[in-house]
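Heads up, input09.csv below (CSV, C-alpha atoms and all ligand atoms):
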chain,number,residue,atom,x,y,z
D,18,MET,CA,-172.9,87.2,-10.1
D,19,ALA,CA,-170.0,84.9,-9.7
D,20,SER,CA,-168.1,85.1,-6.5
D,21,GLU,CA,-164.7,84.4,-4.9
D,22,ILE,CA,-165.0,81.6,-2.3
D,23,ASP,CA,-161.4,81.9,-1.1
D,24,ILE,CA,-158.0,82.9,-2.4
D,25,SER,CA,-158.0,80.2,-5.1
D,26,SER,CA,-161.7,79.1,-5.6
D,27,TYR,CA,-164.5,80.7,-7.4
D,28,ARG,CA,-168.2,80.0,-7.7
D,29,CYS,CA,-170.1,80.6,-10.9
D,30,ASP,CA,-173.7,81.8,-11.2
D,31,CYS,CA,-174.7,78.3,-12.4
D,32,GLY,CA,-173.4,76.7,-9.2
D,33,TYR,CA,-170.2,75.4,-10.6
D,34,GLU,CA,-167.1,75.8,-8.4
D,35,ALA,CA,-163.6,76.1,-9.8
D,36,HIS,CA,-160.7,75.3,-7.6
D,37,PHE,CA,-157.1,76.2,-8.3
D,38,PHE,CA,-153.8,76.1,-6.4
D,39,PRO,CA,-153.1,79.4,-4.7
D,40,LYS,CA,-149.7,79.5,-6.5
D,41,THR,CA,-151.5,79.4,-9.8
D,42,ILE,CA,-153.8,82.3,-8.9
D,43,ARG,CA,-150.8,84.4,-7.7
D,44,GLN,CA,-149.1,83.7,-11.0
D,45,MET,CA,-152.2,84.8,-12.9
D,46,GLU,CA,-152.6,87.9,-10.8
D,47,ARG,CA,-149.0,88.9,-11.5
D,48,MET,CA,-149.3,88.2,-15.3
D,49,SER,CA,-152.6,90.2,-15.4
D,50,LEU,CA,-150.8,93.4,-14.3
D,51,LYS,CA,-149.6,93.8,-17.9
D,52,LYS,CA,-152.5,92.3,-19.9
D,53,ARG,CA,-155.8,90.4,-19.6
D,54,VAL,CA,-155.2,86.7,-19.1
D,55,SER,CA,-157.6,83.9,-18.6
D,56,LEU,CA,-157.4,80.6,-16.8
D,57,GLY,CA,-159.4,77.6,-18.0
D,58,GLU,CA,-161.1,75.1,-15.7
D,59,GLY,CA,-163.1,72.5,-17.5
D,60,ARG,CA,-165.5,74.5,-19.7
D,61,HIS,CA,-165.3,77.6,-17.4
D,62,GLY,CA,-162.7,80.3,-17.6
D,63,ILE,CA,-161.5,83.0,-15.1
D,64,VAL,CA,-160.4,86.3,-16.5
D,65,PHE,CA,-157.7,88.3,-14.6
D,66,HIS,CA,-157.0,91.9,-15.2
D,67,ARG,CA,-154.9,94.5,-13.2
D,68,GLY,CA,-153.9,92.0,-10.6
D,69,LYS,CA,-157.2,90.4,-9.8
D,70,ALA,CA,-159.9,88.0,-11.1
D,71,ILE,CA,-162.7,90.1,-12.7
D,72,GLU,CA,-164.9,87.8,-14.7
D,73,MET,CA,-166.0,84.2,-14.9
D,74,ILE,CA,-166.8,82.8,-18.4
D,75,CYS,CA,-169.6,80.3,-18.2
D,76,PRO,CA,-170.7,77.9,-21.0
D,77,GLN,CA,-174.4,78.5,-19.9
D,78,LYS,CA,-174.5,82.0,-18.5
D,79,GLY,CA,-171.8,83.8,-20.5
D,80,THR,CA,-169.5,86.3,-18.9
D,81,CYS,CA,-170.3,87.0,-15.2
D,82,PRO,CA,-168.4,89.6,-13.2
D,83,ILE,CA,-166.8,88.3,-10.1
D,84,GLU,CA,-167.9,90.2,-7.0
D,101,ZN,ZN,-171.1,78.5,-14.9
Would you write out, as structure tokens, the structure that this file holds?
Amino acid sequence: MASEIDISSYRCDCGYEAHFFPKTIRQMERMSLKKRVSLGEGRHGIVFHRGKAIEMICPQKGTCPIE
């Protein structure tokens, strides 16, 4: 299970941590109210939907829900 470390950082199942600017996350949350959007960080991606981060896409583990 991937997890949110703080407002703009996420930890993947594989141990990878993705850090973003809080401003970027707020923008993605706003955009995700209308449709699913994803944010790339290296080979990892974060999927946002309905105003929050819901999944982390990992090159090793596949799609992990964010708790
Ligand atoms: Zn990962």
Long-range neighbours of region 40-51 of chain D as a PyMOL selection string, 8 Å cut-off, all atoms listed in the file, 2 positions minimum in chain | chain D and resi 24-25+37-38+53-56+65-70
Closest-contact table, chain D side, partner ligand ZN 101 (chain D), 8 Å, counting only C-alpha atoms and all ligand atoms, as a Markdown table:
| residue | atom | partner | partner_atom | distance |
| --- | --- | --- | --- | --- |
| D:Arg28 | CA | D:ZN101 | ZN | 7.9 |
| D:Cys29 | CA | D:ZN101 | ZN | 4.6 |
| D:Asp30 | CA | D:ZN101 | ZN | 5.6 |
| D:Cys31 | CA | D:ZN101 | ZN | 4.4 |
| D:Gly32 | CA | D:ZN101 | ZN | 6.4 |
| D:Tyr33 | CA | D:ZN101 | ZN | 5.4 |
| D:His61 | CA | D:ZN101 | ZN | 6.4 |
| D:Met73 | CA | D:ZN101 | ZN | 7.6 |
| D:Ile74 | CA | D:ZN101 | ZN | 7.0 |
| D:Cys75 | CA | D:ZN101 | ZN | 4.0 |
| D:Pro76 | CA | D:ZN101 | ZN | 6.1 |
| D:Gln77 | CA | D:ZN101 | ZN | 6.0 |
| D:Lys78 | CA | D:ZN101 | ZN | 6.1 |
| D:Gly79 | CA | D:ZN101 | ZN | 7.7 |
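When only C-alpha atoms are used to compute distances to Gly59 (chain D), the closest of the residues D:Glu72, D:Glu34, D:Thr80, D:Pro39 turns out to be D:Glu34.
Note that CA of Ser26 (chain D) and CA of Ile83 (chain D) are 11.4 Å apart.
Between CA of Ser20 (chain D) and CA of Lys52 (chain D) the interatomic distance comes to 21.8 Å.
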